[in-house]
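What follows is one structure encoded as C-alpha cells, with my remarks underneath.
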Amino acid sequence: MAQNDDNLLKKITGHAKEYGFIFPSSEIYDGLAAAYDYGQNGVELKNNIKEYWWKAMVQMNENIVGIDAAIFMHPTTWKASGHVDAFNDPLIDNKDSKKRYRADVLIEEVVAKYEAKIAKEVEKAKKRFGDDFDEAQFLATNPNVKRSQDKIDEIENRLGTSLEKGDLADIKALIEELGIADPVSGSKNWTDVRQFNLMFSTELGSLAEGANKIYLRPETAQGIFVNYLNVQKTGRMKIPFGIAQIGKAFRNEIIARQFIFRMREFEQMEMQFFVKPGEEMTWYENWKAKRIAWHKALGLGEENYRFHDHINLAHYANAATDVQFNFPMGFKELEGIHSRTDFDLKAHEEHSGKKLQFFDPEENKSYVPYVIETSIGLDRMFLAIMSASYTEETLEDGSERTVMKIPAALAPYKVAVLPLVKKDGLPEKAREILSDLRFDFNCQYDEKDAIGKRYRRQDAIGTPFCVTVDYDTMEDNTVTIRDRDDLSQIRISIDELKSKLKESCALEGLLKKL
Ligand code: ATP
C-alpha cells in the first residue's frame with residue numbers, strides 16, 4: 001500500500017458505499033459531517049471484528065470479564081476523569097480561507113513529512129545494499145536520516161511540552177517557525193490558537209424539573225472505572241484482572257475527515273487491566289505483545305504495523321504507546337496502550353467518597369490498583385481492514401476485478417451458493433445446500449446473471465468461497481468450490497463442504513494463533 005494515497009482512500013470510500021459497507025449518515029438530506037451508517041455488509045464485518053476482539057479478550061482469558069455500561073453517566077464522572085477541565089484540542093483558524101484546523105495536527109503533518117523522508121532513504125538503501133542491508137545501523141548512522149530524526153525529535157518535544165503546559169502561544173509560534181501554510185489556500189495568515197472542549201453535552205430531564213447538564217461519554221473507559229468495585233466483588237475477581245467493554249463514544253472533533261478515521265460518533269473496544277502497583281511495567285509489555293499478536297494474526301501484512309511510543313506522557317500515565325497502522329494516509333494511530341497508574345480510580349475515590357481498592361490477602365493490605373489500558377477504535381479497525389483488503393487485479397484473460405481480500409473469518413459472508421443455471425432442479429439443489437450451511441455460516445444465494453458476473457459481485461464484498469451447483473451435482477453430489485484469492489476451483493463432495501468452510505473461515509483459526 002502506497003503512503004499518502006488519497007486516491008486509494010477515495011476508492012475505498014466509493015467502494016464502501018457502492019457495495020453496502022458504509023453510507024454517509026442521513027444521505028437523503030446531503031449527509032451529516034463525520035457521521036456514517038454501516039450498511040448490510042458493513043454491519044456484518046463490524047460485528048465480526050467485535051466478536052474477534054471480544055473472544056480474544058474475554059473468552060480466551062479467564063481473568064477478564066465484560067460489561068456494557070450506559071452512555072450517560074453522572075456528570076461528576078467527567079469532572080473526576082479530567083475531561084471537563086482538560087479534554088481540549090488546540091484549534092486554529094486560517095483568516096484567509098476561513099478553514100479551521102487542529103494546531104497539533106498541522107504540526108504532526110510536518111513530522112509525517114520528515115518520517116516519509118526517512119522511509120524513502122531506507123527504501124533507497126535497501127535497494128542499494130540488497131541482502132547485506134542492516135536497517136538499524138543505517139538508521140543510526142546515515143547523516144540524512146539523522147538530520148530528519150533530529151528535526152522530528154525537536155518538533156515533537158516542543159509540541160509535547162507546550163501541550164502539557166497549555167502554552168498556546170508557543171504552539172502558534174511553532175506553526176509560524178515551521179512555515180506551515182493552510183493546505184487549502186496556501187495562506188500563512190493564522191489566528192491565535194484556542195482551546196476547544198471535545199465533549200458533547202445535553203440536558204437530562206425536562207427544563208421544568210430543573211434539567212441537569214450531562215455529557216455523551218467521550219470514552220468508554222470511565223464506565224469501567226466506576227464499575228470496578230461492582231465487578232471485582234460480584235465476580236470475586238483477584239488482581240490481576242481485566243474488564244472489557246465495546247461501545248459508542250462521542251467527541252466533537254474540530255475537523256473530522258478521512259472517512260471513518262475520525263468521526264464525531266464512533267465505537268471503542270477498551271479493556272482496563274487492574275494490577276498490583278509496581279507490576280505495571282511487566283503487564284504493559286505483556287499487553288503490547290498480546291495486542292500486536294492479535295493484529296498480526298489477521299495477515300494484513302506485518303509491515304503495516306508499528307509502535308509509536310509517546311515521548312510526552314499525559315500527567316496520569318507512566319508509559320504509553322500507539323499501535324499505528326499504514327492507512328492510505330500513512331501510518332496513523334489505530335490503538336492506544338496506556339499505563340494509567342492509579343489516576344482514575346483515585347480520582348473517583350476522591351470525588352465519590354467511596355473506596356475503590358483491592359484487599360490483597362497475600363500482603364494483608366488494601367491498595368488502589370494500577371491500570372493498563374488497551375483502547376482500539378472499532379471504526380479505525382474497520383478502515384484498516386478495508387484498506388489492506390482492497391485489491392484491483394487484472395486476470396489472466398485480461399479482465400479486471402476489484403476484490404476485497406478480507407480475512408475469511410471476518411468476511412461478511414463466508415460462502416455464496418450459486419446454481420449454474422436457473423432450471424432443471426439446480427436452484428432447488430442449491431437452496432437445499434444453503435439451508436444446511438446457514439446454521440453455521442452467513443451465506444448468500446444468487447441465481448441472477450452469468451456465473452462470472454456473480455463471482456465478481458462476491459469478490460467485491462469479500463466472500464471467500466463460491467459454491468457452484470451444476471449438472472454433475474445432480475448426478476454425484478459434488479460441487480465446485482472457488483477460492484476468492486487464488487481463483488482455484490476444486491470439486492468436492494457436498495458432505496465435505498461444512499468442514500472445508502470451517503477450516504478456512506472459523507474464528508477459531510485466528511484465536512488459535514494468539
Ligand atoms: P487521536 O490522537 O487520533 O485523536 P486519541 O489519542 O485521542 O486519538 P484515544 O483517546 O487514545 O485516541 O482513543 C482510543 C482509540 O479510539 C484510538 O486509538 C482510535 O482508534 C479511536 N478513536 C479516537 N478518536 C476517534 C474518532 N474521532 N473517530 C474514530 N475513532 C477514534
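Every chain in the C-alpha cells takes a letter, A first, then B, and so on in the order presented; its residues are numbered from 1, and the ligands are numbered from 1 following the presented order.
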
Write as a ChimeraX atom specification the residues around ligand 1, taking 6 Å as the cut-off and counting only C-alpha atoms and all ligand atoms. /A:261-264,266,268,333-336,375-377,379-380

Output the selection as a short mmCIF file (atom, residue, chain, number, x, y, z; two decimals), in the first residue's frame - N, CA, C and O atoms for each residue.
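After the write, again.cif holds the following:
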```
data_model
loop_
_atom_site.label_atom_id
_atom_site.label_comp_id
_atom_site.auth_asym_id
_atom_site.auth_seq_id
_atom_site.Cartn_x
_atom_site.Cartn_y
_atom_site.Cartn_z
N PHE A 261 -11.96 7.44 9.71
CA PHE A 261 -10.80 7.51 10.61
C PHE A 261 -11.10 8.40 11.80
O PHE A 261 -10.76 8.09 12.93
N ARG A 262 -11.72 9.54 11.54
CA ARG A 262 -12.02 10.46 12.63
C ARG A 262 -13.48 10.87 12.55
O ARG A 262 -13.87 11.62 11.67
N MET A 263 -14.29 10.35 13.44
CA MET A 263 -15.73 10.63 13.41
C MET A 263 -16.14 11.33 14.70
O MET A 263 -15.38 11.34 15.67
N ARG A 264 -17.34 11.86 14.71
CA ARG A 264 -17.82 12.50 15.94
C ARG A 264 -18.58 11.49 16.79
O ARG A 264 -18.71 11.65 17.99
N PHE A 266 -18.35 7.38 17.34
CA PHE A 266 -17.59 6.21 16.93
C PHE A 266 -17.68 5.14 18.01
O PHE A 266 -18.36 5.33 19.02
N GLN A 268 -15.66 2.24 20.45
CA GLN A 268 -14.37 1.83 21.01
C GLN A 268 -14.46 0.42 21.59
O GLN A 268 -15.52 -0.02 22.03
N GLU A 333 -2.53 6.37 14.23
CA GLU A 333 -2.95 5.59 15.41
C GLU A 333 -4.19 4.74 15.14
O GLU A 333 -5.20 5.22 14.65
N LEU A 334 -4.04 3.47 15.50
CA LEU A 334 -5.16 2.54 15.41
C LEU A 334 -5.61 2.15 16.82
O LEU A 334 -6.79 1.98 17.08
N GLU A 335 -4.64 2.00 17.70
CA GLU A 335 -4.94 1.56 19.06
C GLU A 335 -3.97 2.21 20.03
O GLU A 335 -2.82 2.46 19.66
N GLY A 336 -4.43 2.49 21.23
CA GLY A 336 -3.55 3.03 22.26
C GLY A 336 -3.39 2.02 23.38
O GLY A 336 -4.35 1.36 23.77
N SER A 375 -6.96 0.30 24.13
CA SER A 375 -8.12 1.02 23.61
C SER A 375 -8.02 1.12 22.10
O SER A 375 -7.14 1.77 21.56
N ILE A 376 -8.95 0.45 21.43
CA ILE A 376 -8.88 0.43 19.97
C ILE A 376 -10.19 0.97 19.39
O ILE A 376 -11.27 0.69 19.92
N GLY A 377 -10.09 1.75 18.33
CA GLY A 377 -11.26 2.28 17.66
C GLY A 377 -11.79 1.23 16.69
O GLY A 377 -11.07 0.77 15.79
N ASP A 379 -14.07 1.53 14.41
CA ASP A 379 -14.21 2.04 13.04
C ASP A 379 -12.84 2.15 12.36
O ASP A 379 -12.71 1.91 11.17
N ARG A 380 -11.82 2.52 13.16
CA ARG A 380 -10.47 2.58 12.56
C ARG A 380 -10.00 1.19 12.18
O ARG A 380 -9.32 1.00 11.18
#
```

Kindly provide the residues of segment 348-438 of chain A that approach segment 466-485 of chain A to within 9 Å, each paired with its closest atom pair and their distance in Å to one decimal, based on only C-alpha atoms, listed by chain and increasing number, as CSV.
```
residue,atom,partner,partner_atom,distance
A:Val403,CA,A:Arg484,CA,7.9
A:Met404,CA,A:Arg484,CA,8.9
A:Lys405,CA,A:Asp485,CA,6.8
A:Lys414,CA,A:Cys466,CA,8.6
A:Val415,CA,A:Cys466,CA,5.5
A:Ala416,CA,A:Cys466,CA,4.8
A:Val417,CA,A:Val467,CA,4.8
A:Leu418,CA,A:Thr468,CA,4.8
A:Pro419,CA,A:Val469,CA,4.6
A:Leu420,CA,A:Asp470,CA,5.3
A:Val421,CA,A:Asp470,CA,7.5
A:Asp424,CA,A:Tyr471,CA,8.5
A:Gly425,CA,A:Met474,CA,8.3
A:Leu426,CA,A:Val469,CA,6.5
A:Pro427,CA,A:Val469,CA,8.1
A:Lys429,CA,A:Val469,CA,7.4
A:Ala430,CA,A:Val469,CA,6.1
```

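Checking A:Ala289, A:Leu204, A:Leu174, A:Ala70 one by one against Glu219 of chain A, counting only C-alpha atoms, you find the shortest gap at A:Ala70.
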
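As for atom CA of Lys126 of chain A and atom CA of Asn326 of chain A, they are spaced 19.4 Å apart.
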
Which residues are near Ser187 of chain A? Cut-off 8 Å, only C-alpha atoms, ignore same chain within fewer than 4 positions. Put them as a PyMOL selection string. chain A and resi 94+96-97+181-182

Atom CA of Leu45 of chain A to atom CA of Pro24 of chain A: how many Å, to one decimal? 17.2 Å

Mind pulling up the distance from atom CA of Phe21 of chain A to atom CA of Tyr38 of chain A? 5.8 Å

Per DSSP on the backbone, what are the alpha helix (DSSP H) residues of segment 15-188 of chain A, as a PyMOL selection string? chain A and resi 15-18+40-54+76-80+83-86+103-129+135-141+143-165+168-177

When you count only C-alpha atoms, which of these residues is closest to Pro464 of chain A: A:Gly205, A:Pro412, A:Pro369, A:Gly452?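 Checking each of A:Gly205, A:Pro412, A:Pro369, A:Gly452 against Pro464 of chain A, counting only C-alpha atoms, the winner is A:Pro412.
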
Could you give me, as a list of chain:residue names, the residues within 12 Å of Asn157 of chain A, counting only C-alpha atoms and dropping anything in the same chain fewer than 2 positions from it? A:Ile107, A:Glu108, A:Val111, A:Asp150, A:Lys151, A:Ile152, A:Asp153, A:Glu154, A:Ile155, A:Leu159, A:Gly160, A:Thr161, A:Ser162, A:Leu163, A:Glu164, A:Ile171, A:Leu174, A:His310, A:Ile311, A:Asn312, A:Leu313

Go through A:Glu62, A:Glu51, A:Glu18, A:Asp68 one by one, measure the shortest atom-to-atom distance of each to Gly39 of chain A using only C-alpha atoms, and give the residue with the smallest value.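 The shortest atom-to-atom distance to Gly39 of chain A comes from A:Glu18.
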
Given the choices A:Asn142, A:Ser185, A:Gln232, A:Asn7, which gets closest to Phe359 of chain A if the distance is worked out from only C-alpha atoms?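 Nearest to Phe359 of chain A: A:Gln232.
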